[in-house]
Structure formats: C-alpha cells, structure tokens
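Below is one structure, written out as structure tokens; the observations come after it.
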Amino acid sequence: MSWWLNNNEFTPFRNIINEWYCRDTSKKIRAVFKAKGQAGEHLSPHPPYGYRKDPANPKQWLVDEEAAQVVQRIFDLCVAGLGPTQIARRLTKDGILTPTAYLQQQGQKTTNPVPADPCRWVTETSSGFWGGWNTWGIR
C-alpha cells in the first residue's frame, strides 16, 4: 500500500478520485438541505435574533417578545429612511443590548465574544437583519 501512496505516477488518478468524492459529498449535503427545506424544517440550528427555541420542541421556534421589539424597531427605523449606520448609532445611544450580549444575558452560548460595551451596535449588525425572511416573520 505504501507503494501506491508514494508513487507519483498515480497522483493524477488519486486526485481525480478525491475530486469525485468531494463532489459526491457536496451533492449529498445539498440534497439533505433541500429535503429539509421542502419539508418546512429550519436549515439552521440557531434561530435568528427575535426568535427562540421552544423548550418542548427544539425544532420549533417561538417569537422572543423582548428581542422582537428590537427587530421591529430596526425595521421601523429602516422604513423611516435611516441607514444601517444611523440605526446602529441610535440603538447604541439608547443602550439596547447587541444580539450577542442579549443571548449571553439569556444564558445561551454564542460564538462571538461580547465587546467591552455590550450596547455598542455596529453597522454590520444592524444591516444583517435584512438577510432572511425569517427575521421579518414571513415564511
């Protein structure tokens, strides 16, 4: 077997087989996501800001009333013509916790560290809400 692994003449064939394996795995993963989406299941294990997991059924998401008010406020500010930077400044000024700080306050684990000022919103955070329809409560 070491002859197979060390022989440079077979390297192109190994590369082709590895490429086929990667493509096959990618197709399978996409098929699983497509099937979950068509079945009405959530594709992310983490609900977006404004929702929380149902304690009785973790696959079900419930509206988090406190966070939903912040999401609604961001939407209202956007409709009023404010841009992401202006919205971020307004939320920071009003002392609204960032999504990461809010989740940690609720006892949930997050991948992002909380900044020194947990109420300091940045443009990327306030503009990130428009990435998916789930944030708007539309499915």
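Chains: A, B, ... in order of the structure tokens. Residues: from 1 per chain. Ligands: from 1, in order shown.
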Task: Non-local contacts of segment 43-48 of chain A (8 Å; only C-alpha atoms; under 2 positions in same chain excluded) as an NGL selection string - done: :A and (33 or 36-37 or 41 or 50-53 or 61 or 134-135)
Would you pick out the contacts of Ala88 of chain A at 12 Å or less, using only C-alpha atoms, so that residues sharing its chain but fewer than 3 positions from it are not included, and give the list as a short mmCIF file (atom, residue, chain, number, x, y, z; two decimals) with N, CA, C and O atoms, in the first residue's frame?
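Result file selection_22.cif:
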data_model
loop_
_atom_site.label_atom_id
_atom_site.label_comp_id
_atom_site.auth_asym_id
_atom_site.auth_seq_id
_atom_site.Cartn_x
_atom_site.Cartn_y
_atom_site.Cartn_z
N VAL A 70 -37.00 44.83 19.44
CA VAL A 70 -35.81 45.48 18.88
C VAL A 70 -35.79 45.29 17.36
O VAL A 70 -35.52 46.25 16.62
N ARG A 73 -38.25 47.57 15.87
CA ARG A 73 -37.75 48.95 15.91
C ARG A 73 -36.75 49.19 14.79
O ARG A 73 -36.78 50.24 14.12
N ILE A 74 -35.86 48.22 14.55
CA ILE A 74 -34.90 48.35 13.46
C ILE A 74 -35.64 48.45 12.13
O ILE A 74 -35.30 49.29 11.28
N LEU A 77 -37.20 51.91 11.85
CA LEU A 77 -36.19 52.92 11.56
C LEU A 77 -35.75 52.85 10.10
O LEU A 77 -35.52 53.88 9.46
N CYS A 78 -35.66 51.64 9.58
CA CYS A 78 -35.29 51.48 8.18
C CYS A 78 -36.38 52.03 7.27
O CYS A 78 -36.08 52.75 6.31
N LEU A 82 -33.76 55.66 7.72
CA LEU A 82 -32.44 55.63 8.32
C LEU A 82 -31.63 54.48 7.74
O LEU A 82 -32.17 53.40 7.46
N GLY A 83 -30.34 54.70 7.56
CA GLY A 83 -29.45 53.67 7.05
C GLY A 83 -28.87 52.84 8.19
O GLY A 83 -29.08 53.14 9.37
N PRO A 84 -28.11 51.81 7.86
CA PRO A 84 -27.55 50.93 8.88
C PRO A 84 -26.68 51.65 9.91
O PRO A 84 -26.76 51.35 11.11
N THR A 85 -25.87 52.60 9.47
CA THR A 85 -25.01 53.32 10.41
C THR A 85 -25.84 54.18 11.36
O THR A 85 -25.59 54.21 12.57
N LEU A 91 -29.38 52.80 18.27
CA LEU A 91 -29.50 51.70 19.22
C LEU A 91 -28.42 51.77 20.29
O LEU A 91 -28.68 51.49 21.47
N THR A 92 -27.21 52.16 19.89
CA THR A 92 -26.12 52.32 20.86
C THR A 92 -26.46 53.42 21.85
O THR A 92 -26.31 53.27 23.06
N LYS A 93 -26.93 54.55 21.33
CA LYS A 93 -27.29 55.70 22.17
C LYS A 93 -28.38 55.33 23.17
O LYS A 93 -28.35 55.75 24.33
N ASP A 94 -29.34 54.51 22.74
CA ASP A 94 -30.46 54.13 23.61
C ASP A 94 -30.12 52.97 24.54
O ASP A 94 -30.98 52.54 25.32
N GLY A 95 -28.91 52.44 24.45
CA GLY A 95 -28.48 51.39 25.38
C GLY A 95 -29.12 50.03 25.13
O GLY A 95 -29.30 49.25 26.06
N ILE A 96 -29.41 49.72 23.88
CA ILE A 96 -30.00 48.42 23.54
C ILE A 96 -28.88 47.39 23.42
O ILE A 96 -27.89 47.63 22.72
N LEU A 97 -29.02 46.26 24.08
CA LEU A 97 -28.02 45.20 24.01
C LEU A 97 -27.89 44.67 22.58
O LEU A 97 -28.90 44.51 21.89
N THR A 98 -26.66 44.38 22.17
CA THR A 98 -26.45 43.74 20.87
C THR A 98 -27.00 42.32 20.93
O THR A 98 -27.20 41.77 22.02
N CYS A 119 -23.62 47.27 24.55
CA CYS A 119 -24.68 48.03 23.88
C CYS A 119 -24.15 48.76 22.65
O CYS A 119 -24.84 49.61 22.08
N ARG A 120 -22.94 48.45 22.23
CA ARG A 120 -22.34 49.13 21.06
C ARG A 120 -22.67 48.35 19.79
O ARG A 120 -22.10 47.32 19.52
N TRP A 121 -23.61 48.89 19.04
CA TRP A 121 -24.01 48.30 17.77
C TRP A 121 -23.08 48.78 16.68
O TRP A 121 -22.63 49.92 16.69
N VAL A 122 -22.81 47.92 15.72
CA VAL A 122 -22.01 48.29 14.56
C VAL A 122 -22.89 48.17 13.33
O VAL A 122 -23.94 47.52 13.34
N THR A 123 -22.47 48.80 12.26
CA THR A 123 -23.26 48.83 11.03
C THR A 123 -23.61 47.42 10.55
O THR A 123 -24.74 47.16 10.14
N GLU A 124 -22.64 46.51 10.61
CA GLU A 124 -22.87 45.15 10.11
C GLU A 124 -23.98 44.45 10.89
O GLU A 124 -24.75 43.67 10.34
N THR A 125 -24.08 44.72 12.19
CA THR A 125 -25.11 44.07 13.00
C THR A 125 -26.48 44.58 12.62
O THR A 125 -27.41 43.80 12.43
N SER A 126 -26.63 45.88 12.50
CA SER A 126 -27.95 46.43 12.20
C SER A 126 -28.37 46.16 10.76
O SER A 126 -29.55 46.06 10.47
N SER A 127 -27.40 46.02 9.84
CA SER A 127 -27.77 45.74 8.45
C SER A 127 -27.95 44.26 8.19
O SER A 127 -28.56 43.87 7.20
N GLY A 128 -27.47 43.40 9.10
CA GLY A 128 -27.57 41.97 8.91
C GLY A 128 -28.97 41.41 9.05
O GLY A 128 -29.23 40.26 8.72
N PHE A 129 -29.91 42.21 9.51
CA PHE A 129 -31.28 41.73 9.70
C PHE A 129 -32.01 41.54 8.40
O PHE A 129 -33.03 40.87 8.35
#
Task: Selected residue, from A:Gln86, A:Gly81, A:Val32, A:Tyr49, that lies nearest to Ala101 of chain A when counting only C-alpha atoms - done: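 Nearest to Ala101 of chain A: A:Tyr49.
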Helix (DSSP H, G or I) positions in chain A, given as a CSV table (one decimal) with N, CA, C and O atoms, in the first residue's frame:
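Produced file part-v4.csv, reproduced below:
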chain,number,residue,atom,x,y,z
A,2,SER,N,2.0,1.2,0.7
A,2,SER,CA,2.9,2.4,0.7
A,2,SER,C,3.4,2.7,-0.7
A,2,SER,O,3.6,3.9,-1.0
A,3,TRP,N,3.5,1.7,-1.5
A,3,TRP,CA,4.0,1.9,-2.9
A,3,TRP,C,2.9,2.8,-3.6
A,3,TRP,O,3.2,3.7,-4.4
A,4,TRP,N,1.6,2.5,-3.4
A,4,TRP,CA,0.5,3.2,-4.0
A,4,TRP,C,0.6,4.7,-3.6
A,4,TRP,O,0.4,5.6,-4.4
A,5,LEU,N,0.8,4.9,-2.3
A,5,LEU,CA,0.8,6.3,-1.7
A,5,LEU,C,2.0,7.1,-2.2
A,5,LEU,O,1.9,8.3,-2.3
A,6,ASN,N,3.1,6.4,-2.4
A,6,ASN,CA,4.3,7.2,-2.7
A,6,ASN,C,4.7,7.3,-4.2
A,6,ASN,O,5.6,8.0,-4.5
A,8,ASN,N,4.5,8.6,-7.6
A,8,ASN,CA,4.0,9.9,-8.3
A,8,ASN,C,3.2,9.6,-9.6
A,8,ASN,O,2.5,10.5,-10.0
A,9,GLU,N,3.4,8.4,-10.2
A,9,GLU,CA,2.7,8.2,-11.4
A,9,GLU,C,1.2,8.0,-11.2
A,9,GLU,O,0.4,8.3,-12.1
A,10,PHE,N,0.8,7.7,-10.0
A,10,PHE,CA,-0.6,7.5,-9.7
A,10,PHE,C,-1.3,8.8,-9.1
A,10,PHE,O,-2.5,8.8,-8.8
A,11,THR,N,-0.5,9.8,-8.9
A,11,THR,CA,-1.0,11.0,-8.2
A,11,THR,C,-2.2,11.6,-9.0
A,11,THR,O,-3.2,12.0,-8.4
A,12,PRO,N,-2.2,11.7,-10.3
A,12,PRO,CA,-3.3,12.2,-11.1
A,12,PRO,C,-4.6,11.4,-10.8
A,12,PRO,O,-5.7,12.0,-10.7
A,13,PHE,N,-4.4,10.1,-10.8
A,13,PHE,CA,-5.6,9.3,-10.6
A,13,PHE,C,-6.2,9.4,-9.1
A,13,PHE,O,-7.4,9.5,-9.0
A,14,ARG,N,-5.3,9.5,-8.2
A,14,ARG,CA,-5.8,9.8,-6.8
A,14,ARG,C,-6.5,11.1,-6.7
A,14,ARG,O,-7.5,11.3,-6.0
A,15,ASN,N,-6.0,12.1,-7.4
A,15,ASN,CA,-6.6,13.5,-7.4
A,15,ASN,C,-8.0,13.4,-8.0
A,15,ASN,O,-8.9,14.0,-7.5
A,16,ILE,N,-8.1,12.6,-9.1
A,16,ILE,CA,-9.5,12.5,-9.7
A,16,ILE,C,-10.4,11.8,-8.8
A,16,ILE,O,-11.6,12.3,-8.6
A,17,ILE,N,-10.0,10.8,-8.1
A,17,ILE,CA,-10.9,10.0,-7.2
A,17,ILE,C,-11.2,10.9,-6.0
A,17,ILE,O,-12.4,11.0,-5.6
A,18,ASN,N,-10.3,11.7,-5.5
A,18,ASN,CA,-10.6,12.6,-4.4
A,18,ASN,C,-11.6,13.7,-4.8
A,18,ASN,O,-12.5,14.0,-4.1
A,19,GLU,N,-11.4,14.2,-6.1
A,19,GLU,CA,-12.4,15.2,-6.6
A,19,GLU,C,-13.8,14.6,-6.7
A,19,GLU,O,-14.8,15.3,-6.3
A,20,TRP,N,-13.9,13.4,-7.2
A,20,TRP,CA,-15.2,12.7,-7.3
A,20,TRP,C,-15.8,12.6,-5.9
A,20,TRP,O,-17.0,12.8,-5.7
A,21,TYR,N,-15.0,12.2,-4.9
A,21,TYR,CA,-15.5,12.0,-3.6
A,21,TYR,C,-16.1,13.3,-3.0
A,21,TYR,O,-17.1,13.4,-2.4
A,22,CYS,N,-15.3,14.4,-3.2
A,22,CYS,CA,-15.7,15.7,-2.7
A,22,CYS,C,-17.0,16.2,-3.4
A,22,CYS,O,-17.9,16.7,-2.7
A,23,ARG,N,-17.1,16.0,-4.7
A,23,ARG,CA,-18.3,16.3,-5.4
A,23,ARG,C,-19.5,15.5,-4.9
A,23,ARG,O,-20.6,16.0,-4.8
A,24,ASP,N,-19.3,14.2,-4.7
A,24,ASP,CA,-20.4,13.3,-4.3
A,24,ASP,C,-20.9,13.8,-2.9
A,24,ASP,O,-22.1,13.9,-2.6
A,25,THR,N,-20.0,14.1,-2.0
A,25,THR,CA,-20.3,14.5,-0.7
A,25,THR,C,-21.1,15.8,-0.7
A,25,THR,O,-22.1,16.0,0.0
A,26,SER,N,-20.6,16.7,-1.5
A,26,SER,CA,-21.3,18.0,-1.7
A,26,SER,C,-22.7,17.9,-2.2
A,26,SER,O,-23.7,18.5,-1.7
A,27,LYS,N,-22.9,17.0,-3.2
A,27,LYS,CA,-24.3,16.7,-3.7
A,27,LYS,C,-25.2,16.2,-2.6
A,27,LYS,O,-26.4,16.5,-2.5
A,28,LYS,N,-24.6,15.3,-1.8
A,28,LYS,CA,-25.4,14.6,-0.7
A,28,LYS,C,-25.9,15.7,0.3
A,28,LYS,O,-27.0,15.7,0.8
A,29,ILE,N,-24.9,16.5,0.7
A,29,ILE,CA,-25.2,17.6,1.7
A,29,ILE,C,-26.3,18.5,1.1
A,29,ILE,O,-27.3,18.9,1.8
A,30,ARG,N,-26.2,19.0,-0.1
A,30,ARG,CA,-27.2,19.8,-0.7
A,30,ARG,C,-28.5,19.2,-0.8
A,30,ARG,O,-29.6,19.8,-0.6
A,31,ALA,N,-28.5,17.8,-1.1
A,31,ALA,CA,-29.8,17.1,-1.1
A,31,ALA,C,-30.5,17.1,0.2
A,31,ALA,O,-31.7,17.2,0.3
A,32,VAL,N,-29.7,16.9,1.3
A,32,VAL,CA,-30.3,16.9,2.6
A,32,VAL,C,-30.9,18.3,3.0
A,32,VAL,O,-32.0,18.4,3.5
A,33,PHE,N,-30.1,19.4,2.7
A,33,PHE,CA,-30.7,20.7,2.9
A,33,PHE,C,-31.9,21.0,2.1
A,33,PHE,O,-32.9,21.6,2.6
A,34,LYS,N,-31.9,20.5,0.9
A,34,LYS,CA,-33.1,20.7,0.0
A,34,LYS,C,-34.3,20.0,0.6
A,34,LYS,O,-35.4,20.5,0.7
A,35,ALA,N,-34.1,18.7,1.0
A,35,ALA,CA,-35.2,17.9,1.6
A,35,ALA,C,-35.7,18.6,2.9
A,35,ALA,O,-36.9,18.6,3.1
A,36,LYS,N,-34.8,19.1,3.7
A,36,LYS,CA,-35.2,19.7,5.0
A,36,LYS,C,-36.0,21.0,4.7
A,36,LYS,O,-37.1,21.2,5.3
A,37,GLY,N,-35.6,21.8,3.7
A,37,GLY,CA,-36.3,23.0,3.3
A,37,GLY,C,-37.7,22.7,2.8
A,37,GLY,O,-38.6,23.3,3.1
A,38,GLN,N,-37.8,21.7,1.9
A,38,GLN,CA,-39.0,21.3,1.3
A,38,GLN,C,-40.0,20.7,2.3
A,38,GLN,O,-41.2,20.8,2.2
A,65,GLU,N,-40.4,37.9,22.6
A,65,GLU,CA,-41.0,39.2,22.6
A,65,GLU,C,-40.1,40.3,22.8
A,65,GLU,O,-40.2,41.4,22.1
A,66,GLU,N,-39.1,40.2,23.7
A,66,GLU,CA,-38.2,41.3,24.0
A,66,GLU,C,-37.3,41.6,22.8
A,66,GLU,O,-37.2,42.7,22.4
A,67,ALA,N,-36.7,40.6,22.2
A,67,ALA,CA,-35.9,40.8,21.1
A,67,ALA,C,-36.7,41.2,19.8
A,67,ALA,O,-36.2,42.0,19.0
A,68,ALA,N,-37.9,40.7,19.7
A,68,ALA,CA,-38.7,41.0,18.6
A,68,ALA,C,-39.0,42.5,18.6
A,68,ALA,O,-39.2,43.1,17.5
A,69,GLN,N,-39.2,43.1,19.7
A,69,GLN,CA,-39.4,44.6,19.8
A,69,GLN,C,-38.2,45.3,19.2
A,69,GLN,O,-38.4,46.3,18.5
A,70,VAL,N,-37.0,44.8,19.4
A,70,VAL,CA,-35.8,45.5,18.9
A,70,VAL,C,-35.8,45.3,17.4
A,70,VAL,O,-35.5,46.2,16.6
A,71,VAL,N,-36.1,44.1,16.9
A,71,VAL,CA,-36.2,43.8,15.5
A,71,VAL,C,-37.2,44.7,14.8
A,71,VAL,O,-37.0,45.3,13.8
A,72,GLN,N,-38.4,44.8,15.4
A,72,GLN,CA,-39.4,45.7,14.9
A,72,GLN,C,-39.0,47.2,14.8
A,72,GLN,O,-39.2,47.9,13.9
A,73,ARG,N,-38.2,47.6,15.9
A,73,ARG,CA,-37.7,48.9,15.9
A,73,ARG,C,-36.8,49.2,14.8
A,73,ARG,O,-36.8,50.2,14.1
A,74,ILE,N,-35.9,48.2,14.6
A,74,ILE,CA,-34.9,48.3,13.5
A,74,ILE,C,-35.6,48.5,12.1
A,74,ILE,O,-35.3,49.3,11.3
A,75,PHE,N,-36.7,47.6,12.0
A,75,PHE,CA,-37.4,47.7,10.7
A,75,PHE,C,-38.1,49.0,10.6
A,75,PHE,O,-38.1,49.6,9.5
A,76,ASP,N,-38.7,49.5,11.7
A,76,ASP,CA,-39.4,50.8,11.6
A,76,ASP,C,-38.4,52.0,11.3
A,76,ASP,O,-38.7,52.9,10.5
A,77,LEU,N,-37.2,51.9,11.8
A,77,LEU,CA,-36.2,52.9,11.6
A,77,LEU,C,-35.7,52.9,10.1
A,77,LEU,O,-35.5,53.9,9.5
A,78,CYS,N,-35.7,51.6,9.6
A,78,CYS,CA,-35.3,51.5,8.2
A,78,CYS,C,-36.4,52.0,7.3
A,78,CYS,O,-36.1,52.8,6.3
A,79,VAL,N,-37.6,51.7,7.6
A,79,VAL,CA,-38.7,52.2,6.8
A,79,VAL,C,-38.8,53.8,6.9
A,79,VAL,O,-39.2,54.4,5.9
A,84,PRO,N,-28.1,51.8,7.9
A,84,PRO,CA,-27.5,50.9,8.9
A,84,PRO,C,-26.7,51.6,9.9
A,84,PRO,O,-26.8,51.4,11.1
A,85,THR,N,-25.9,52.6,9.5
A,85,THR,CA,-25.0,53.3,10.4
A,85,THR,C,-25.8,54.2,11.4
A,85,THR,O,-25.6,54.2,12.6
A,86,GLN,N,-26.8,54.9,10.8
A,86,GLN,CA,-27.7,55.7,11.7
A,86,GLN,C,-28.5,54.8,12.7
A,86,GLN,O,-28.7,55.2,13.8
A,87,ILE,N,-29.0,53.7,12.2
A,87,ILE,CA,-29.7,52.8,13.1
A,87,ILE,C,-28.8,52.3,14.2
A,87,ILE,O,-29.1,52.2,15.4
A,88,ALA,N,-27.5,51.9,13.9
A,88,ALA,CA,-26.6,51.4,14.8
A,88,ALA,C,-26.3,52.5,15.9
A,88,ALA,O,-26.2,52.2,17.1
A,89,ARG,N,-26.1,53.7,15.4
A,89,ARG,CA,-25.9,54.8,16.4
A,89,ARG,C,-27.0,55.0,17.3
A,89,ARG,O,-26.9,55.2,18.5
A,90,ARG,N,-28.2,54.9,16.8
A,90,ARG,CA,-29.4,55.2,17.6
A,90,ARG,C,-29.6,54.1,18.7
A,90,ARG,O,-29.9,54.3,19.8
A,91,LEU,N,-29.4,52.8,18.3
A,91,LEU,CA,-29.5,51.7,19.2
A,91,LEU,C,-28.4,51.8,20.3
A,91,LEU,O,-28.7,51.5,21.5
A,92,THR,N,-27.2,52.2,19.9
A,92,THR,CA,-26.1,52.3,20.9
A,92,THR,C,-26.5,53.4,21.8
A,92,THR,O,-26.3,53.3,23.1
A,93,LYS,N,-26.9,54.5,21.3
A,93,LYS,CA,-27.3,55.7,22.2
A,93,LYS,C,-28.4,55.3,23.2
A,93,LYS,O,-28.4,55.8,24.3
A,99,PRO,N,-27.3,41.7,19.8
A,99,PRO,CA,-27.8,40.3,19.8
A,99,PRO,C,-26.9,39.4,20.6
A,99,PRO,O,-27.4,38.5,21.4
A,100,THR,N,-25.6,39.5,20.4
A,100,THR,CA,-24.7,38.6,21.2
A,100,THR,C,-24.8,38.8,22.7
A,100,THR,O,-24.9,37.9,23.5
A,101,ALA,N,-24.8,40.1,23.1
A,101,ALA,CA,-24.9,40.4,24.5
A,101,ALA,C,-26.3,39.9,25.1
A,101,ALA,O,-26.3,39.4,26.2
A,102,TYR,N,-27.3,40.1,24.3
A,102,TYR,CA,-28.6,39.7,24.7
A,102,TYR,C,-28.7,38.2,24.9
A,102,TYR,O,-29.2,37.7,25.9
A,103,LEU,N,-28.2,37.4,23.9
A,103,LEU,CA,-28.2,36.0,24.0
A,103,LEU,C,-27.4,35.5,25.2
A,103,LEU,O,-27.9,34.6,25.9
A,104,GLN,N,-26.3,36.1,25.5
A,104,GLN,CA,-25.5,35.7,26.7
A,104,GLN,C,-26.2,36.0,27.9
A,104,GLN,O,-26.1,35.3,28.9
A,105,GLN,N,-26.9,37.2,28.0
A,105,GLN,CA,-27.7,37.6,29.1
A,105,GLN,C,-28.8,36.5,29.4
A,105,GLN,O,-29.1,36.3,30.5
A,123,THR,N,-22.5,48.8,12.3
A,123,THR,CA,-23.3,48.8,11.0
A,123,THR,C,-23.6,47.4,10.5
A,123,THR,O,-24.7,47.2,10.1
A,124,GLU,N,-22.6,46.5,10.6
A,124,GLU,CA,-22.9,45.2,10.1
A,124,GLU,C,-24.0,44.4,10.9
A,124,GLU,O,-24.7,43.7,10.3
A,125,THR,N,-24.1,44.7,12.2
A,125,THR,CA,-25.1,44.1,13.0
A,125,THR,C,-26.5,44.6,12.6
A,125,THR,O,-27.4,43.8,12.4
A,126,SER,N,-26.6,45.9,12.5
A,126,SER,CA,-27.9,46.4,12.2
A,126,SER,C,-28.4,46.2,10.8
A,126,SER,O,-29.6,46.1,10.5
A,127,SER,N,-27.4,46.0,9.8
A,127,SER,CA,-27.8,45.7,8.5
A,127,SER,C,-28.0,44.3,8.2
A,127,SER,O,-28.6,43.9,7.2
A,128,GLY,N,-27.5,43.4,9.1
A,128,GLY,CA,-27.6,42.0,8.9
A,128,GLY,C,-29.0,41.4,9.0
A,128,GLY,O,-29.2,40.3,8.7
A,129,PHE,N,-29.9,42.2,9.5
A,129,PHE,CA,-31.3,41.7,9.7
A,129,PHE,C,-32.0,41.5,8.4
A,129,PHE,O,-33.0,40.9,8.4
A,130,TRP,N,-31.5,42.1,7.3
A,130,TRP,CA,-32.3,42.0,6.1
A,130,TRP,C,-31.9,40.9,5.2
A,130,TRP,O,-32.3,40.7,4.1
A,131,GLY,N,-31.1,39.9,5.8
A,131,GLY,CA,-30.6,38.8,5.1
A,131,GLY,C,-31.6,37.7,4.9
A,131,GLY,O,-31.5,36.9,4.0
A,133,TRP,N,-35.9,36.2,5.3
A,133,TRP,CA,-37.3,36.5,5.6
A,133,TRP,C,-37.8,36.1,7.0
A,133,TRP,O,-38.7,36.6,7.5
A,134,ASN,N,-37.1,35.1,7.6
A,134,ASN,CA,-37.5,34.7,8.9
A,134,ASN,C,-37.4,35.8,9.9
A,134,ASN,O,-38.2,35.9,10.9
A,135,THR,N,-36.5,36.7,9.7
A,135,THR,CA,-36.4,37.9,10.7
A,135,THR,C,-37.6,38.7,10.6
A,135,THR,O,-38.0,39.3,11.6
A,136,TRP,N,-38.3,38.8,9.5
A,136,TRP,CA,-39.5,39.6,9.3
A,136,TRP,C,-40.7,38.8,9.8
A,136,TRP,O,-41.8,39.4,9.8
